[in-house]
Structures are given as structure tokens and as C-alpha cells.
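Only one structure is covered here, and it is reproduced in the block below.
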Amino acid sequence: MRLAFLGTPDFAAASLAEIAAAGHDIVRVYTQPPRPKGRGHEERKTPVHELAETLGLPVETPKSFKDPGVLADFAALDLDAAVVVAYGQILPQAALDAPRFGCLNLHGSLLPRWRGAAPIQRAIMAGDERTGVQVMQMEAGLDTGPILLSETLRIFPTDTAGSLHDRMMATGAQMWPRALAALERGSLEAQPQSEDGVTYAAKITPEEARIDWTRPADELSCHIRGLSPFPGAWFTLDAGGKPVRVKVLNAKAEEGEGVPGTALDDTLLIACGEGAVRLTRLQREGRGAIDAADFLRGTTIPAGTVLG
């Protein structure tokens, strides 16, 4: 099929690789413009941009897809379909209508649950036991289109947003050859989304990352894992009279009782509003992420310590 691919991060690059390997004619790749990153603030191309160049595919990085020139050029490609994976821009109706079969999007939830920007994080933060990856026909509404193909994944008690992201990335990428082959045959059946159970996965705000020890342990464990590795839930630790920020990248709920935020033993069992959480992976400000045992070799947090 004659395709355009629109995507930006690693999550999208995996899909581009699978579609290219399936032999489709990818006539144009669209991705976000290079942006300054790292300590040197050097402009870096997106993962999709880098992969597209490796594959010898033409790349465009428009600042806005609403630009009339961009839309005219997109329509002139005479596409069978456009594949959209975490592109980062809202496509106007003219773009959705341009390809013969429209635009198909890969979404990381079981719609209509968790429409929006942060479905992977929100599913873990809410304590969901399952999620999924779905290929959807794009409409003007936010993730409202009919479902064309779906795979369900279990959310394990040890999952972080990072580990679930990687599993969903692989599953979603492997769905595209099947979806596009079925689309070409005319055998894809569109299933309208239910009007019940709609929830929205709003962007993660900086305020959400601060740990509230008064929450129940089960909730707090989900909250911590849903924010790992980015932006990372955090608390402050008194280090010689100076507060130091420490991110918690993994934790599990355990039994325990005490004043919320108080260490109940010497190995990072912290009292919550109900129960306690065991902190298992941490990252002190300005340092790398390490497991709890290694963290405690350099930073002691004895029983009775109250965390900020």
C-alpha cells in the first residue's frame, strides 16, 4: 500500500520498522522538528526521524499540519492510508480525509477508557489490571473513532509505565502488518466505541509527582509505578540540613502502620495513610537510578526517619 507515516518517539519508531519490513511503499514520513536536548542543548532528531533516514525514507518536519502548504503537499501524495503513532500534533479534517482509506492511529489503551495524552501512565496510576493496544480509524474527536484491531495486555503488579510502554510498543508494532493487510483486502471491520466507560488520560502535571504519604499504600504504589521512569514520583530527604529530592521509581504495598511518611525499618518500608510501601528503586537528585540496597549503602534512612 502507498502510505505516509506520522510519528515521533521510540514508541512510534518500532511501528515504522515493522511497516517498512512488511514491504509497504512509505512515500513520506512526518515527525516533529529537531529540538534542543541534553546538557549541551544540541538539536537532536526524533527517533522516527533517525530511523527514517536509516531506511532511506523522505522526511518532513512541519511545525504545524494546519499550514495550507503542508496540507496541499499531503493531499498530493495520493495515499492509500496514513499511519499515525504518537505524532504529537492534531490533524485537521482535511488531512484525515485525504488518503483513500483515511488515517489510522495506534492508541495505548482499551478505548473508550483512557482517551487522551497519557493512557499508559493513567492506567497504572488508577490500579487497572488490564489495558491494550488498538488500531483506530481517526476522527476529528479525541480518540473517538471506531476500533479496527485490538490486543489486550495484563498490567502486572510490578509494572511501571516504562515496562508497560515497552510491551505495548512491541505489541502495537506487530499489529500493523496484520491491520494493513486486512485493510488492503477490505476485511477490516470497524467497531464503534461504547458510549459507556469513557475516561480521559490527561497530561501528567508536575504537581502530581510529589508523593503524598497520607494516601493508602495500594494507591501510592500504583501512583509511583505509573510515574516511573518519567517524571518520577519524589519526596525530600534531609541531608545535613539541606533538603534533597529523591525520586522513587518502583515500590510495592506491604503491611505496616505508623505516622505517614515515617520509615518503619532500616530498609525503606514507609508508613502510609493505610498500610505501608516498600521503596525498591530510587534516584537521588543528580545521580543515577539504583536499587534500594545500593541506595542505602550511600544514604542511610533508619527507622523513625520522617520523609518530606
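Letters A, B, ... go to the chains of the C-alpha cells in the order shown; residues in each chain start at 1; ligands are counted from 1 in the same order.
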
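For A:Glu60, the set of protein, DNA and RNA residues having any atom at most 10 Å away, when counting only C-alpha atoms and skipping those fewer than 4 positions along the same chain, is Leu6, Arg28, Val29, Tyr30, Thr31, Gln32, Pro33, His49 and Val70 of chain A.
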
DSSP on the backbone, alpha helix (DSSP H) only: what residues of stretch 107-242 of chain A does that give? Format it as a VMD selection string.
chain A and resid 119 to 125 161 to 185 217 to 226

Closest atom pairs, stretch 128-155 of chain A residues within 12 Å of stretch 216-231 of chain A, only C-alpha atoms, as CSV:
residue,atom,partner,partner_atom,distance
A:Asp128,CA,A:Cys222,CA,9.1
A:Glu129,CA,A:Cys222,CA,10.9
A:Ile155,CA,A:Cys222,CA,10.9

Nearest-residue call for A:Asp166, choices A:Ile120, A:Val244, A:Val85, A:Val135, using only C-alpha atoms:
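Once distances to A:Asp166 are computed over only C-alpha atoms, the minimum belongs to A:Ile120.
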
Of A:Met168, A:Ala13, A:Leu249, A:Leu148, the one nearest to A:Gly288 when counting only C-alpha atoms is A:Leu249
